[in-house]
Amino acid sequence: MTTRFDQAPWAAAGVQTVQPGVHRVPLPLPNDGLHAVNVYLLEDLDDDGGIVMIDGGWAIPEARKTLEAALGAIERDPGDISHILVTHIHRDHYTQAVELRRLLGSRVYLGAGERPGLEMLDRLRSDQPVGSLRTLRAAGAGELADRVEAMDHGGYDPSVWEAPDRWLQAGALRFGDRELRVVPTPGHTKGHVVFLDEQRGLLFSGDHVLPHITPSIGFELAEPGGHPLADYLDSLRLMTRYADARLLPAHGPVADSTHTRVAELLAHHDDRLARSLAALGEDTLDAHAVARKLAWTRRAVPFGELTAFNQMLAVHETAAHLDVLVLRGQVTAARADGVHRYTRMR
């Protein structure tokens, strides 16, 4: 049985029909503050009657059971899933896609920019966020990096980190006489992509545009590098070059306007840039020191009250904001003893 959006919280188990043939299914996440990840079932793209699924969920038994129940509610079964289009490589989006391919023969697609991270996983045989740990140490958070490294990351399971069947580039992805536009949106990860259904005015946004929260920036499996926040801001502005579309995110409810939420996210980062500059003040500080001066989340939680994992995300975001301030000529950066330190331009 389907349920309406206004009758249940967005993370409640069940099927929410966005429009005929397009269904949102929240799948559970283990011990995760995000509560659930949305996957989308598209019934009318595959000429052979199969289902195109957008994002795969986390490979845990509860997610598989929830997905099977949702398919049953629309009188389908898991064997109908022909293609799984994944927005990015994070565990809660990718791992169940690989598991479903092994069980059902579904074809898995992933953005080409995620290839270095997946290849690094295969080399290291570990799912520790090696790139992120290096970013922490360069931000002056060596002790925090040690704590995060010592955490239980779930163990490396090579069976859920296999390569996709196809690496996606920008352009049209055709299914019979219908198509989805693949739009690379680096920032949350280097290889993040969104899927735009221009005919129906729907954007499957993954973690790029979220309705209630701002996605983390630069939490990478691959080597750190580049300017993830600058990339993210450019990727947000890119969304406004397309006609406005309903927002179908990976976390949170469907929203009516992508453009409205993009404007809010850009304004949020303008505010965080100003706050980061103010926290730097007249001192020379590393990103960890600046992060400790800032409040976090919509509840303005002090840095010290965050979990180690969320402290890591906070330091990453602070470093990203400081690097954008460097690009804008408002701050200078110098490296000594492996740590980047920032000074306000005078």
# chains A, B, ... in the order shown; residues from 1 in each chain; ligands from 1

call {"tool": "residues_around", "arguments": {"residues": "A:Gly252", "least_positions_apart": "5", "cutoff": "8 Å", "atoms": "only C-alpha atoms", "output": "PyMOL selection string"}}
result
chain A and resi 10-11+38+210-212

call {"tool": "select_by_dssp", "arguments": {"residues": "stretch 216-280 of chain A", "states": "strand (DSSP E)", "output": "PyMOL selection string"}}
result
chain A and resi 246-249

call {"tool": "atom_distance", "arguments": {"atom1": "atom CA of A:Leu280", "atom2": "atom CA of A:Ala336"}}
result
17.9 Å

call {"tool": "closest_atom_pairs", "arguments": {"of": "stretch 143-222 of chain A", "to": "stretch 96-100 of chain A", "cutoff": "12 Å", "atoms": "only C-alpha atoms", "output": "CSV"}}
result
residue,atom,partner,partner_atom,distance
A:Asp157,CA,A:Glu99,CA,11.1
A:Pro158,CA,A:Val98,CA,10.3
A:Ser159,CA,A:Glu99,CA,7.5
A:Val160,CA,A:Val98,CA,5.4
A:Trp161,CA,A:Val98,CA,7.2
A:Glu162,CA,A:Val98,CA,6.8
A:Ala163,CA,A:Val98,CA,8.4
A:Pro164,CA,A:Val98,CA,7.7
A:Asp165,CA,A:Val98,CA,9.8

call {"tool": "select_by_dssp", "arguments": {"residues": "stretch 99-274 of chain A", "states": "helix (DSSP H, G or I)", "output": "MDAnalysis selection string"}}
result
chainID A and resid 99:104 112:124 130:138 142:150 158:160 228:239 258:274

call {"tool": "atom_distance", "arguments": {"atom1": "atom CA of A:Arg346", "atom2": "atom CA of A:Arg328"}}
result
13.8 Å

call {"tool": "residues_around", "arguments": {"residues": "stretch 128-134 of chain A", "least_positions_apart": "5", "cutoff": "12 Å", "atoms": "only C-alpha atoms", "output": "count of residues only"}}
result
52

call {"tool": "closest_atom_pairs", "arguments": {"of": "stretch 172-206 of chain A", "to": "stretch 104-114 of chain A", "cutoff": "7 Å", "atoms": "only C-alpha atoms", "output": "Markdown table"}}
result
| residue | atom | partner | partner_atom | distance |
| --- | --- | --- | --- | --- |
| A:Lys190 | CA | A:Gly113 | CA | 5.7 |
| A:Gly191 | CA | A:Gly113 | CA | 3.6 |
| A:His192 | CA | A:Gly111 | CA | 6.3 |
| A:Val193 | CA | A:Gly111 | CA | 6.0 |

call {"tool": "closest_residue", "arguments": {"among": "A:Asp270, A:His88, A:Ala73, A:Val326", "to": "A:Thr343", "atoms": "only C-alpha atoms"}}
result
A:Val326

call {"tool": "residues_around", "arguments": {"residues": "stretch 59-63 of chain A", "least_positions_apart": "2", "cutoff": "6 Å", "atoms": "only C-alpha atoms", "output": "ChimeraX atom specification"}}
result
/A:27-28,65-66,95-96

call {"tool": "write_last_selection", "arguments": {"atoms": "N, CA and C atoms", "output": "PDB file, in the first residue's frame"}}
result
ATOM      1  N   LEU A  27      15.146   3.673   2.757  1.00  0.00           N
ATOM      2  CA  LEU A  27      15.751   2.450   3.286  1.00  0.00           C
ATOM      3  C   LEU A  27      16.526   2.781   4.559  1.00  0.00           C
ATOM      4  N   PRO A  28      16.482   1.902   5.566  1.00  0.00           N
ATOM      5  CA  PRO A  28      17.123   2.212   6.848  1.00  0.00           C
ATOM      6  C   PRO A  28      18.639   2.217   6.752  1.00  0.00           C
ATOM      7  N   LYS A  65      15.218  -6.102   3.143  1.00  0.00           N
ATOM      8  CA  LYS A  65      13.831  -6.458   3.469  1.00  0.00           C
ATOM      9  C   LYS A  65      12.881  -5.305   3.182  1.00  0.00           C
ATOM     10  N   THR A  66      13.300  -4.093   3.522  1.00  0.00           N
ATOM     11  CA  THR A  66      12.454  -2.926   3.278  1.00  0.00           C
ATOM     12  C   THR A  66      12.234  -2.722   1.784  1.00  0.00           C
ATOM     13  N   THR A  95      26.774   0.285  -1.816  1.00  0.00           N
ATOM     14  CA  THR A  95      27.083  -1.114  -1.493  1.00  0.00           C
ATOM     15  C   THR A  95      25.927  -2.071  -1.779  1.00  0.00           C
ATOM     16  N   GLN A  96      24.688  -1.657  -1.522  1.00  0.00           N
ATOM     17  CA  GLN A  96      23.598  -2.571  -1.826  1.00  0.00           C
ATOM     18  C   GLN A  96      23.374  -2.707  -3.335  1.00  0.00           C
TER      19      GLN A  96
END

call {"tool": "closest_residue", "arguments": {"among": "A:Glu68, A:Val37, A:Asp77, A:Pro253", "to": "A:Tyr94", "atoms": "only C-alpha atoms"}}
result
A:Val37

call {"tool": "closest_residue", "arguments": {"among": "A:Val22, A:Ala250, A:Met239, A:Ile89", "to": "A:Val39", "atoms": "only C-alpha atoms"}}
result
A:Ala250

call {"tool": "residues_around", "arguments": {"residues": "A:Ala263", "least_positions_apart": "5", "cutoff": "10 Å", "atoms": "only C-alpha atoms", "output": "PyMOL selection string"}}
result
chain A and resi 236-237+240+258+268

call {"tool": "atom_distance", "arguments": {"atom1": "atom CA of A:Arg137", "atom2": "atom CA of A:Ala279"}}
result
20.1 Å

call {"tool": "residues_around", "arguments": {"residues": "A:Thr214", "least_positions_apart": "4", "cutoff": "12 Å", "atoms": "only C-alpha atoms", "output": "ChimeraX atom specification"}}
result
/A:34,187-188,207-210,229,232-233,236,249,251-252,261-262,264-269,272,296-298,313-314,317

call {"tool": "residues_around", "arguments": {"residues": "A:Ile74", "least_positions_apart": "5", "cutoff": "12 Å", "atoms": "only C-alpha atoms", "output": "PyMOL selection string"}}
result
chain A and resi 1-3+14-17+20-25+41-43+51+67-69+80

call {"tool": "write_last_selection", "arguments": {"atoms": "C-alpha atoms", "output": "mmCIF file, in the first residue's frame"}}
result
data_model
loop_
_atom_site.group_PDB
_atom_site.id
_atom_site.type_symbol
_atom_site.label_atom_id
_atom_site.label_comp_id
_atom_site.auth_asym_id
_atom_site.auth_seq_id
_atom_site.Cartn_x
_atom_site.Cartn_y
_atom_site.Cartn_z
ATOM 1 C CA MET A 1 0.000 0.000 0.000
ATOM 2 C CA THR A 2 1.335 3.438 -0.884
ATOM 3 C CA THR A 3 1.355 6.399 1.486
ATOM 4 C CA GLY A 14 6.818 2.370 2.725
ATOM 5 C CA VAL A 15 6.364 3.594 -0.816
ATOM 6 C CA GLN A 16 5.639 7.205 -1.676
ATOM 7 C CA THR A 17 4.555 7.734 -5.265
ATOM 8 C CA PRO A 20 2.810 7.668 -11.753
ATOM 9 C CA GLY A 21 5.734 5.305 -12.314
ATOM 10 C CA VAL A 22 8.126 7.154 -9.970
ATOM 11 C CA HIS A 23 8.326 5.912 -6.381
ATOM 12 C CA ARG A 24 10.418 7.030 -3.388
ATOM 13 C CA VAL A 25 11.477 4.283 -0.954
ATOM 14 C CA LEU A 41 12.065 3.157 -8.464
ATOM 15 C CA LEU A 42 11.296 4.206 -12.042
ATOM 16 C CA GLU A 43 8.901 1.825 -13.744
ATOM 17 C CA ILE A 51 12.746 -1.050 -13.068
ATOM 18 C CA LEU A 67 13.165 -2.758 -0.450
ATOM 19 C CA GLU A 68 11.485 -6.132 -1.073
ATOM 20 C CA ALA A 69 8.393 -5.010 0.851
ATOM 21 C CA ASP A 80 12.464 -6.583 -11.994
#
